[in-house]
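Student: Data file work28.txt (compact mmCIF, C-alpha atoms) is appended below.
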```txt
# COMPACT_ATOMS: atom_id res chain seq x y z
CA MET G 1 2.70 -9.69 2.23
CA ARG G 2 4.82 -7.21 0.38
CA ALA G 3 4.43 -3.46 0.32
CA LEU G 4 6.13 -0.57 -1.37
CA LEU G 5 5.80 2.72 0.50
CA GLN G 6 6.06 6.09 -1.20
CA ARG G 7 5.92 9.35 0.72
CA VAL G 8 3.61 11.71 -1.14
CA THR G 9 2.24 15.21 -0.86
CA GLU G 10 -0.80 13.93 -2.77
CA ALA G 11 -1.89 10.79 -4.57
CA ALA G 12 -4.98 9.54 -6.39
CA VAL G 13 -6.18 6.40 -8.12
CA ARG G 14 -8.65 6.39 -11.00
CA VAL G 15 -10.72 3.64 -12.57
CA ASP G 16 -12.34 4.41 -15.94
CA GLY G 17 -11.51 8.09 -15.43
CA GLU G 18 -13.30 8.27 -12.06
CA VAL G 19 -11.32 9.03 -8.89
CA VAL G 20 -11.93 6.11 -6.52
CA GLY G 21 -9.41 7.12 -3.87
CA GLU G 22 -7.24 10.14 -3.10
CA ILE G 23 -5.19 11.59 -0.27
CA GLY G 24 -3.13 14.63 0.59
CA PRO G 25 0.17 14.27 2.48
CA GLY G 26 0.98 10.76 3.61
CA LEU G 27 1.82 7.41 2.07
CA LEU G 28 0.93 5.64 -1.14
CA ILE G 29 1.11 1.94 -0.26
CA LEU G 30 1.30 -0.59 -3.07
CA VAL G 31 0.50 -3.94 -1.47
CA CYS G 32 0.59 -7.55 -2.63
CA ALA G 33 -0.57 -10.67 -0.82
CA MET G 34 1.74 -13.62 -1.37
CA ARG G 35 0.76 -17.27 -1.52
CA GLY G 36 0.44 -18.55 2.06
CA ASP G 37 -0.14 -15.13 3.63
CA THR G 38 -2.70 -14.83 6.41
CA GLU G 39 -4.41 -12.09 8.39
CA ALA G 40 -1.49 -12.29 10.83
CA ASN G 41 0.86 -11.18 8.03
CA ALA G 42 -1.43 -8.27 7.23
CA ASP G 43 -1.65 -7.31 10.92
CA LYS G 44 2.13 -7.26 11.24
CA LEU G 45 2.60 -5.27 8.04
CA ALA G 46 -0.07 -2.70 8.95
CA ALA G 47 1.45 -2.14 12.39
CA LYS G 48 4.92 -1.78 10.88
CA VAL G 49 3.79 0.67 8.18
CA ALA G 50 1.86 2.83 10.65
CA LYS G 51 4.95 3.14 12.87
CA CYS G 52 7.59 3.40 10.13
CA ARG G 53 9.56 6.58 10.86
CA ILE G 54 10.18 7.97 7.38
CA PHE G 55 8.96 11.56 7.74
CA HIS G 56 11.16 14.43 8.86
CA ASP G 57 10.95 15.94 12.32
CA ASP G 58 11.71 19.58 13.15
CA ALA G 59 15.44 18.82 13.10
CA GLY G 60 15.22 17.37 9.58
CA LYS G 61 15.74 13.76 10.69
CA MET G 62 13.48 10.98 9.48
CA ASN G 63 11.97 10.38 12.87
CA ARG G 64 8.19 10.68 12.41
CA SER G 65 5.56 8.20 11.25
CA VAL G 66 2.58 8.87 9.02
CA SER G 67 0.50 8.87 12.19
CA ASP G 68 2.80 11.45 13.79
CA ILE G 69 2.36 13.88 10.89
CA GLY G 70 -1.42 13.41 10.72
CA GLY G 71 -1.02 11.95 7.22
CA ALA G 72 -3.31 9.65 5.27
CA VAL G 73 -2.66 6.46 3.34
CA LEU G 74 -3.77 5.35 -0.12
CA VAL G 75 -3.73 1.55 -0.37
CA VAL G 76 -3.50 0.12 -3.89
CA SER G 77 -3.32 -3.58 -4.79
CA GLN G 78 -0.26 -4.37 -6.91
CA PHE G 79 0.29 -8.03 -7.77
CA THR G 80 3.46 -7.21 -9.72
CA LEU G 81 5.28 -6.91 -6.38
CA ALA G 82 5.30 -10.72 -6.52
CA ALA G 83 7.23 -10.70 -9.81
CA ASP G 84 9.95 -13.31 -10.21
CA THR G 85 12.40 -12.25 -12.93
CA SER G 86 15.03 -14.91 -12.26
CA GLY G 87 13.97 -17.10 -15.17
CA GLY G 88 14.29 -14.67 -18.06
CA ASN G 89 12.75 -11.51 -19.39
CA ARG G 90 9.10 -12.31 -18.70
CA PRO G 91 8.26 -12.11 -15.00
CA GLY G 92 6.35 -14.90 -13.32
CA PHE G 93 3.71 -14.22 -10.70
CA SER G 94 3.15 -17.71 -9.29
CA THR G 95 4.13 -16.58 -5.78
CA ALA G 96 1.24 -14.09 -5.62
CA ALA G 97 -1.82 -15.16 -3.68
CA ALA G 98 -4.80 -16.46 -5.65
CA PRO G 99 -7.13 -13.58 -6.61
CA GLU G 100 -9.78 -14.41 -4.00
CA ASP G 101 -7.16 -14.60 -1.23
CA GLY G 102 -5.40 -11.51 -2.55
CA GLU G 103 -8.58 -9.47 -2.50
CA ARG G 104 -9.57 -10.66 0.97
CA LEU G 105 -6.13 -9.81 2.40
CA TYR G 106 -5.98 -6.49 0.53
CA GLU G 107 -9.30 -5.42 2.04
CA TYR G 108 -8.23 -6.71 5.44
CA PHE G 109 -4.93 -4.79 5.26
CA ALA G 110 -6.77 -1.55 4.39
CA ASP G 111 -9.11 -2.14 7.34
CA GLN G 112 -6.09 -2.68 9.60
CA MET G 113 -4.63 0.65 8.46
CA ARG G 114 -7.93 2.27 9.47
CA GLY G 115 -7.63 0.39 12.75
CA GLN G 116 -4.27 2.12 13.26
CA GLY G 117 -6.24 5.39 13.30
CA LEU G 118 -5.19 6.45 9.81
CA THR G 119 -7.41 8.08 7.22
CA THR G 120 -7.34 5.41 4.51
CA ALA G 121 -8.36 5.58 0.86
CA GLN G 122 -8.20 2.63 -1.52
CA GLY G 123 -7.96 1.62 -5.11
CA ARG G 124 -10.22 -1.10 -6.52
CA PHE G 125 -8.85 -4.63 -6.43
CA GLY G 126 -8.45 -6.23 -9.85
CA ALA G 127 -9.39 -3.06 -11.74
CA ASP G 128 -7.29 -1.33 -14.40
CA MET G 129 -6.13 1.54 -12.20
CA GLN G 130 -4.23 4.69 -13.05
CA VAL G 131 -2.26 5.98 -10.08
CA SER G 132 -0.95 9.52 -9.89
CA LEU G 133 1.26 10.88 -7.16
CA LEU G 134 3.45 13.77 -6.22
CA ASN G 135 6.54 12.32 -4.54
CA ASP G 136 7.76 13.81 -1.31
```
Produce structure tokens that represent the structure in this file.
Tutor:
Amino acid sequence: MRALLQRVTEAAVRVDGEVVGEIGPGLLILVCAMRGDTEANADKLAAKVAKCRIFHDDAGKMNRSVSDIGGAVLVVSQFTLAADTSGGNRPGFSTAAAPEDGERLYEYFADQMRGQGLTTAQGRFGADMQVSLLND
């Protein structure tokens, strides 16, 4: 699985103008299941993300995790993380998991983030989503 983490002070995802997920301070996580990924990959990624020390401590060093700061996570499916641009100007996505596997692993990953004790909001798999965020 691949993930892109963005520290945020707030983030939201909308589908057809309706907010389907939003958080305050924490992480926006764009996640993509790759062909051949399993629940074990999602477990490993969720544990790593929850412990990733990318928030500042009192000394200004990036030494705290999203859990340490009491932050939340917004998990959004993003198949374009599987993009292969080596063959020209149009990316290929053949390394992304099939939609049914991608959705199953996306939902599983979000559940694993909850299992890490994190408040977790989600986008809607396969939907045309508009994501807004305020970078931190």
Student: Rank G:Pro25, G:Gly71, G:Gly36, G:Gly17 by their smallest atom-to-atom distance to Gly117 of chain G, using all atoms listed in the file, and report the top residue only.
Tutor: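 Closest to Gly117 of chain G, using all atoms listed in the file: G:Gly71.
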Student: Considering all atoms listed in the file, can you say which of G:Ala83, G:Ile69, G:Ile23, G:Leu133 comes closest to Cys52 of chain G?
Tutor: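 Closest to Cys52 of chain G, using all atoms listed in the file: G:Ile69.
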Student: Interatomic distance between atom CA of Ala121 of chain G and atom CA of Gly92 of chain G?
Tutor: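 Result for atom CA of Ala121 of chain G versus atom CA of Gly92 of chain G: 28.9 Å, one decimal.
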Student: Between G:Met1, G:Val13, G:Ala98, G:Ala110, single out the one closest to Lys44 of chain G, counting all atoms listed in the file.
Tutor: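 For Lys44 of chain G, the nearest of the candidates is G:Met1.
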Student: Here is a test: counting only C-alpha atoms, which residue of G:Ile29, G:Thr95, G:Arg7, G:Asp16 is nearest to Arg64 of chain G?
Tutor: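 Smallest distance to Arg64 of chain G is found for G:Arg7.
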Student: What lies within 12 Å of Thr9 of chain G using only C-alpha atoms, ignoring chain neighbours under 5 positions off, as a PyMOL selection string?
Tutor: chain G and resi 22-28+55+66+69+71-74+132-136
Student: Residues within 10 Å of (0.7, -7.4, 7.7), file coordinates, counting all atoms listed in the file: what are they? Give the list as a PDB file with C-alpha atoms, in the coordinates of the input.
Tutor:
```
ATOM      1  CA  MET G   1       2.700  -9.690   2.230  1.00  0.00           C
ATOM      2  CA  ARG G   2       4.820  -7.210   0.380  1.00  0.00           C
ATOM      3  CA  ALA G   3       4.430  -3.460   0.320  1.00  0.00           C
ATOM      4  CA  VAL G  31       0.500  -3.940  -1.470  1.00  0.00           C
ATOM      5  CA  ALA G  33      -0.570 -10.670  -0.820  1.00  0.00           C
ATOM      6  CA  ASP G  37      -0.140 -15.130   3.630  1.00  0.00           C
ATOM      7  CA  THR G  38      -2.700 -14.830   6.410  1.00  0.00           C
ATOM      8  CA  GLU G  39      -4.410 -12.090   8.390  1.00  0.00           C
ATOM      9  CA  ALA G  40      -1.490 -12.290  10.830  1.00  0.00           C
ATOM     10  CA  ASN G  41       0.860 -11.180   8.030  1.00  0.00           C
ATOM     11  CA  ALA G  42      -1.430  -8.270   7.230  1.00  0.00           C
ATOM     12  CA  ASP G  43      -1.650  -7.310  10.920  1.00  0.00           C
ATOM     13  CA  LYS G  44       2.130  -7.260  11.240  1.00  0.00           C
ATOM     14  CA  LEU G  45       2.600  -5.270   8.040  1.00  0.00           C
ATOM     15  CA  ALA G  46      -0.070  -2.700   8.950  1.00  0.00           C
ATOM     16  CA  ALA G  47       1.450  -2.140  12.390  1.00  0.00           C
ATOM     17  CA  LYS G  48       4.920  -1.780  10.880  1.00  0.00           C
ATOM     18  CA  VAL G  49       3.790   0.670   8.180  1.00  0.00           C
ATOM     19  CA  LEU G 105      -6.130  -9.810   2.400  1.00  0.00           C
ATOM     20  CA  TYR G 106      -5.980  -6.490   0.530  1.00  0.00           C
ATOM     21  CA  TYR G 108      -8.230  -6.710   5.440  1.00  0.00           C
ATOM     22  CA  PHE G 109      -4.930  -4.790   5.260  1.00  0.00           C
ATOM     23  CA  GLN G 112      -6.090  -2.680   9.600  1.00  0.00           C
ATOM     24  CA  MET G 113      -4.630   0.650   8.460  1.00  0.00           C
TER      25      MET G 113
END
```
Student: Rounded to one decimal in Å, what is the spacing between atom CA of Gln116 of chain G and atom CA of Asp128 of chain G?
Tutor: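 Interatomic distance, atom CA of Gln116 of chain G to atom CA of Asp128 of chain G: 28.0 Å.
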Student: Kindly give the distance, in Å, that separates atom CA of Phe79 of chain G and atom CA of Gln6 of chain G, rounded to a single decimal.
Tutor: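 Between atom CA of Phe79 of chain G and atom CA of Gln6 of chain G the gap works out to 16.6 Å.
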Student: Taking into account all atoms listed in the file, which residue in the set G:Glu10, G:Asp58, G:Glu18, G:Asp101 is nearest to Phe125 of chain G?
Tutor: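 Residue with the minimum atom-to-atom distance to Phe125 of chain G: G:Asp101.
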Student: Emit segment 12-75 of chain G of the structure in the block as a file comprising C-alpha atoms, as a PDB file, in the first residue's frame.
Tutor:
```
ATOM      1  CA  ALA G  12     -12.568  17.955   4.789  1.00  0.00           C
ATOM      2  CA  VAL G  13     -13.800  15.839   1.911  1.00  0.00           C
ATOM      3  CA  ARG G  14     -17.019  16.521   0.019  1.00  0.00           C
ATOM      4  CA  VAL G  15     -19.078  14.413  -2.357  1.00  0.00           C
ATOM      5  CA  ASP G  16     -21.755  16.212  -4.391  1.00  0.00           C
ATOM      6  CA  GLY G  17     -21.331  19.258  -2.147  1.00  0.00           C
ATOM      7  CA  GLU G  18     -21.979  17.278   1.055  1.00  0.00           C
ATOM      8  CA  VAL G  19     -19.238  16.945   3.681  1.00  0.00           C
ATOM      9  CA  VAL G  20     -18.671  13.207   4.171  1.00  0.00           C
ATOM     10  CA  GLY G  21     -15.611  13.482   6.398  1.00  0.00           C
ATOM     11  CA  GLU G  22     -13.755  16.231   8.241  1.00  0.00           C
ATOM     12  CA  ILE G  23     -11.145  16.652  10.955  1.00  0.00           C
ATOM     13  CA  GLY G  24      -9.356  19.339  12.902  1.00  0.00           C
ATOM     14  CA  PRO G  25      -5.624  19.067  13.626  1.00  0.00           C
ATOM     15  CA  GLY G  26      -4.015  15.830  12.498  1.00  0.00           C
ATOM     16  CA  LEU G  27      -3.248  14.023   9.268  1.00  0.00           C
ATOM     17  CA  LEU G  28      -4.841  13.850   5.854  1.00  0.00           C
ATOM     18  CA  ILE G  29      -3.889  10.412   4.541  1.00  0.00           C
ATOM     19  CA  LEU G  30      -4.228   9.714   0.830  1.00  0.00           C
ATOM     20  CA  VAL G  31      -4.018   5.936   0.495  1.00  0.00           C
ATOM     21  CA  CYS G  32      -3.795   3.517  -2.425  1.00  0.00           C
ATOM     22  CA  ALA G  33      -3.888  -0.262  -2.404  1.00  0.00           C
ATOM     23  CA  MET G  34      -1.482  -1.799  -4.896  1.00  0.00           C
ATOM     24  CA  ARG G  35      -1.940  -5.038  -6.796  1.00  0.00           C
ATOM     25  CA  GLY G  36      -0.956  -7.909  -4.495  1.00  0.00           C
ATOM     26  CA  ASP G  37      -1.479  -5.992  -1.248  1.00  0.00           C
ATOM     27  CA  THR G  38      -3.063  -7.797   1.687  1.00  0.00           C
ATOM     28  CA  GLU G  39      -4.433  -6.955   5.111  1.00  0.00           C
ATOM     29  CA  ALA G  40      -0.905  -7.475   6.442  1.00  0.00           C
ATOM     30  CA  ASN G  41       0.284  -4.548   4.299  1.00  0.00           C
ATOM     31  CA  ALA G  42      -2.528  -2.386   5.657  1.00  0.00           C
ATOM     32  CA  ASP G  43      -1.715  -3.428   9.238  1.00  0.00           C
ATOM     33  CA  LYS G  44       1.935  -2.473   8.798  1.00  0.00           C
ATOM     34  CA  LEU G  45       1.099   0.852   7.162  1.00  0.00           C
ATOM     35  CA  ALA G  46      -1.481   1.796   9.816  1.00  0.00           C
ATOM     36  CA  ALA G  47       0.947   1.029  12.639  1.00  0.00           C
ATOM     37  CA  LYS G  48       3.684   3.040  10.927  1.00  0.00           C
ATOM     38  CA  VAL G  49       1.443   6.047  10.258  1.00  0.00           C
ATOM     39  CA  ALA G  50       0.103   6.106  13.819  1.00  0.00           C
ATOM     40  CA  LYS G  51       3.649   6.173  15.214  1.00  0.00           C
ATOM     41  CA  CYS G  52       5.242   8.450  12.600  1.00  0.00           C
ATOM     42  CA  ARG G  53       6.879  11.294  14.539  1.00  0.00           C
ATOM     43  CA  ILE G  54       6.185  14.295  12.318  1.00  0.00           C
ATOM     44  CA  PHE G  55       4.655  16.756  14.779  1.00  0.00           C
ATOM     45  CA  HIS G  56       6.675  19.228  16.827  1.00  0.00           C
ATOM     46  CA  ASP G  57       7.346  18.754  20.514  1.00  0.00           C
ATOM     47  CA  ASP G  58       7.814  21.589  23.022  1.00  0.00           C
ATOM     48  CA  ALA G  59      11.415  22.037  21.852  1.00  0.00           C
ATOM     49  CA  GLY G  60      10.311  22.460  18.226  1.00  0.00           C
ATOM     50  CA  LYS G  61      11.650  19.079  17.089  1.00  0.00           C
ATOM     51  CA  MET G  62       9.531  16.714  15.024  1.00  0.00           C
ATOM     52  CA  ASN G  63       9.246  14.163  17.776  1.00  0.00           C
ATOM     53  CA  ARG G  64       5.512  13.566  18.287  1.00  0.00           C
ATOM     54  CA  SER G  65       3.023  11.330  16.498  1.00  0.00           C
ATOM     55  CA  VAL G  66      -0.570  12.114  15.604  1.00  0.00           C
ATOM     56  CA  SER G  67      -1.538  10.004  18.608  1.00  0.00           C
ATOM     57  CA  ASP G  68       0.769  12.024  20.867  1.00  0.00           C
ATOM     58  CA  ILE G  69      -0.889  15.313  19.890  1.00  0.00           C
ATOM     59  CA  GLY G  70      -4.426  13.936  20.216  1.00  0.00           C
ATOM     60  CA  GLY G  71      -4.944  14.520  16.488  1.00  0.00           C
ATOM     61  CA  ALA G  72      -7.380  12.905  14.087  1.00  0.00           C
ATOM     62  CA  VAL G  73      -6.935  11.366  10.652  1.00  0.00           C
ATOM     63  CA  LEU G  74      -8.902  11.791   7.434  1.00  0.00           C
ATOM     64  CA  VAL G  75      -8.414   8.773   5.167  1.00  0.00           C
TER      65      VAL G  75
END
```
